[in-house]
Amino acid sequence: MSASDDVSNETAKVSDDKEFEDFEDDFLCDPTRYKFYRDRKEWADLEPVPQDDGPNPVVKIAYSEKFSDVYDYFRALLKNDEKSERAFALTADAIELNAANYTVWHYRRVLLQALSKDLREEMRYITAIIEDQPKNYQVWHHRRMVVEWLNDPSEELEFISGILSQDAKNYHAWQHRQWVIQEYKLWDDELEFVENLLEDDVRNNSAWNQRHFVISHTTGFSDPATLEREIEYCLTQIKKAPHNESVWNYLKGMLQDRGLSTQPGLLEKVLELKDTHCSPYLLAFIYDCYEDALESNSQNENADEERKETLRKALDICDLLAQKKDTIRKEYWLFLGRSLQSKYGGGVSEEELPSPASEQQDMN
């Protein structure tokens, strides 16, 4: 090997050593690189508390070294009931590793109050986490607590709207929205907000639920004008999407206390839709109306002929559902038909009632 080769190799070795030293210096100086709590001088006074899984854990979770390090020191803080800035900072690391840990959030709230932390800054912190994890129950609960402490819901509805624009059926966002509206009496524009969501997606069951929530807590459904308005609204939405179960549930929900058969003209309007917008949900609603009418007239001895006719129509609906419109639940509808006939068919001859199509086929 020539002298020039030796010099070249030595130069390369020196260069490699220098790059490693530079990397080592960068690692020590870069604040974004994680440094274990056990290696931090300011934490040397605290004895970490390892997780106790018992002597014979069945399935021991393989926590990462960083996770164990953070939570060992978190348990040590809890054990000592330490209320300090370093404890508050550590909760952020613990939440980053597991934002669903309720104990960490509770301890963070204790520290927020004990250290008189800036709650507006905490709201910004919470917002960032929810935007990243919008279905995390613990962070939504934490947000509610901080809003209560601030006694300021001014940013909440707009924030929740943004979350719902990503997922209009986010249960946690809706739960928080209902709490905010009810707690701070922010009802005024909510019905309009819900209608906009239903215009975007008439099948949004969460929006239908919110509509019921708003009206139940404001005008109520006992007001005739409100009830008529909501019925017409439902019928309009049914025409857009006849097979949308949500609107039928809403319609039945707002009438359940007064009875489906008591609302003047409703059954006739639904029957008009039967030929043009028929669906299993429409037929099931008609059946419910007939059943309600039978129950209402069961003690009226003077309505015998009317009862027979209503029973006949109800059994026709059961048969139509069983044989054509909802065959996957055929046995269910046949059972309801038999039950209805057994309960309300007293005094009615077999000839006066329709024979189920299935029985007719068997006879043939």
# chains A, B, ... in the order shown; residues from 1 in each chain; ligands from 1
>>> select_by_dssp(residues="region 197-335 of chain A", states="helix (DSSP H, G or I)", output="PyMOL selection string")
chain A and resi 197-200+205-216+224-240+245-255+260-262+266-274+280-296+301-325+327-335
>>> residues_around(residues="region 51-53 of chain A", least_positions_apart="2", cutoff="9 Å", atoms="only C-alpha atoms", output="PDB file with N, CA and C atoms, in the first residue's frame")
ATOM      1  N   VAL A  49     -41.967   4.928  39.987  1.00  0.00           N
ATOM      2  CA  VAL A  49     -42.812   3.831  40.495  1.00  0.00           C
ATOM      3  C   VAL A  49     -43.226   2.960  39.311  1.00  0.00           C
ATOM      4  N   PRO A  55     -47.597 -10.680  40.429  1.00  0.00           N
ATOM      5  CA  PRO A  55     -46.494 -11.641  40.274  1.00  0.00           C
ATOM      6  C   PRO A  55     -46.585 -12.482  39.004  1.00  0.00           C
ATOM      7  N   ASN A  56     -47.814 -12.754  38.544  1.00  0.00           N
ATOM      8  CA  ASN A  56     -47.978 -13.618  37.374  1.00  0.00           C
ATOM      9  C   ASN A  56     -48.961 -13.007  36.381  1.00  0.00           C
ATOM     10  N   PRO A  57     -48.553 -11.960  35.681  1.00  0.00           N
ATOM     11  CA  PRO A  57     -49.468 -11.338  34.709  1.00  0.00           C
ATOM     12  C   PRO A  57     -49.788 -12.308  33.573  1.00  0.00           C
ATOM     13  N   LYS A  60     -48.827  -9.745  29.648  1.00  0.00           N
ATOM     14  CA  LYS A  60     -48.092  -8.536  29.989  1.00  0.00           C
ATOM     15  C   LYS A  60     -47.943  -7.645  28.759  1.00  0.00           C
ATOM     16  N   SER A  68     -42.871   3.487  29.470  1.00  0.00           N
ATOM     17  CA  SER A  68     -42.616   3.070  30.853  1.00  0.00           C
ATOM     18  C   SER A  68     -41.927   4.175  31.636  1.00  0.00           C
ATOM     19  N   TYR A  71     -44.569   7.047  32.422  1.00  0.00           N
ATOM     20  CA  TYR A  71     -45.609   6.665  33.379  1.00  0.00           C
ATOM     21  C   TYR A  71     -45.047   6.207  34.720  1.00  0.00           C
ATOM     22  N   ASP A  72     -43.808   5.729  34.754  1.00  0.00           N
ATOM     23  CA  ASP A  72     -43.177   5.437  36.052  1.00  0.00           C
ATOM     24  C   ASP A  72     -43.020   6.717  36.868  1.00  0.00           C
ATOM     25  N   ARG A  75     -46.554   8.046  37.978  1.00  0.00           N
ATOM     26  CA  ARG A  75     -47.037   7.384  39.192  1.00  0.00           C
ATOM     27  C   ARG A  75     -46.308   7.902  40.426  1.00  0.00           C
TER      28      ARG A  75
END
>>> residues_around(residues="region 180-190 of chain A", least_positions_apart="6", cutoff="8 Å", atoms="only C-alpha atoms", output="list in words")
Pro153, Glu156, Leu157, Val214 and Thr218 of chain A
>>> write_last_selection(atoms="C-alpha atoms", output="compact mmCIF listing (two decimals), in the first residue's frame")
# COMPACT_ATOMS: atom_id res chain seq x y z
CA PRO A 153 -69.04 29.05 25.82
CA GLU A 156 -67.83 26.20 21.53
CA LEU A 157 -70.56 26.03 18.89
CA VAL A 214 -84.01 21.16 20.55
CA THR A 218 -87.98 24.77 23.67
>>> atom_distance(atom1="CA of Ser246 (chain A)", atom2="CA of Arg203 (chain A)")
6.1 Å
>>> residues_around(residues="region 89-97 of chain A", least_positions_apart="2", cutoff="7 Å", atoms="only C-alpha atoms", output="list in words")
Phe67, Val70, Tyr71, Glu85, Arg86, Ala87, Ala99, Val104 and Arg108 of chain A
>>> closest_residue(among="A:Lys239, A:Leu283, A:Thr310, A:Ser222", to="Gln263 (chain A)", atoms="only C-alpha atoms")
A:Ser222
>>> residues_around(residues="Tyr332 (chain A)", least_positions_apart="4", cutoff="12 Å", atoms="only C-alpha atoms", output="list in words")
Ala284, Cys318, Asp319, Leu321, Ala322, Gln323, Asp326, Thr327, Ile328, Leu336, Gly337, Arg338 and Ser339 of chain A
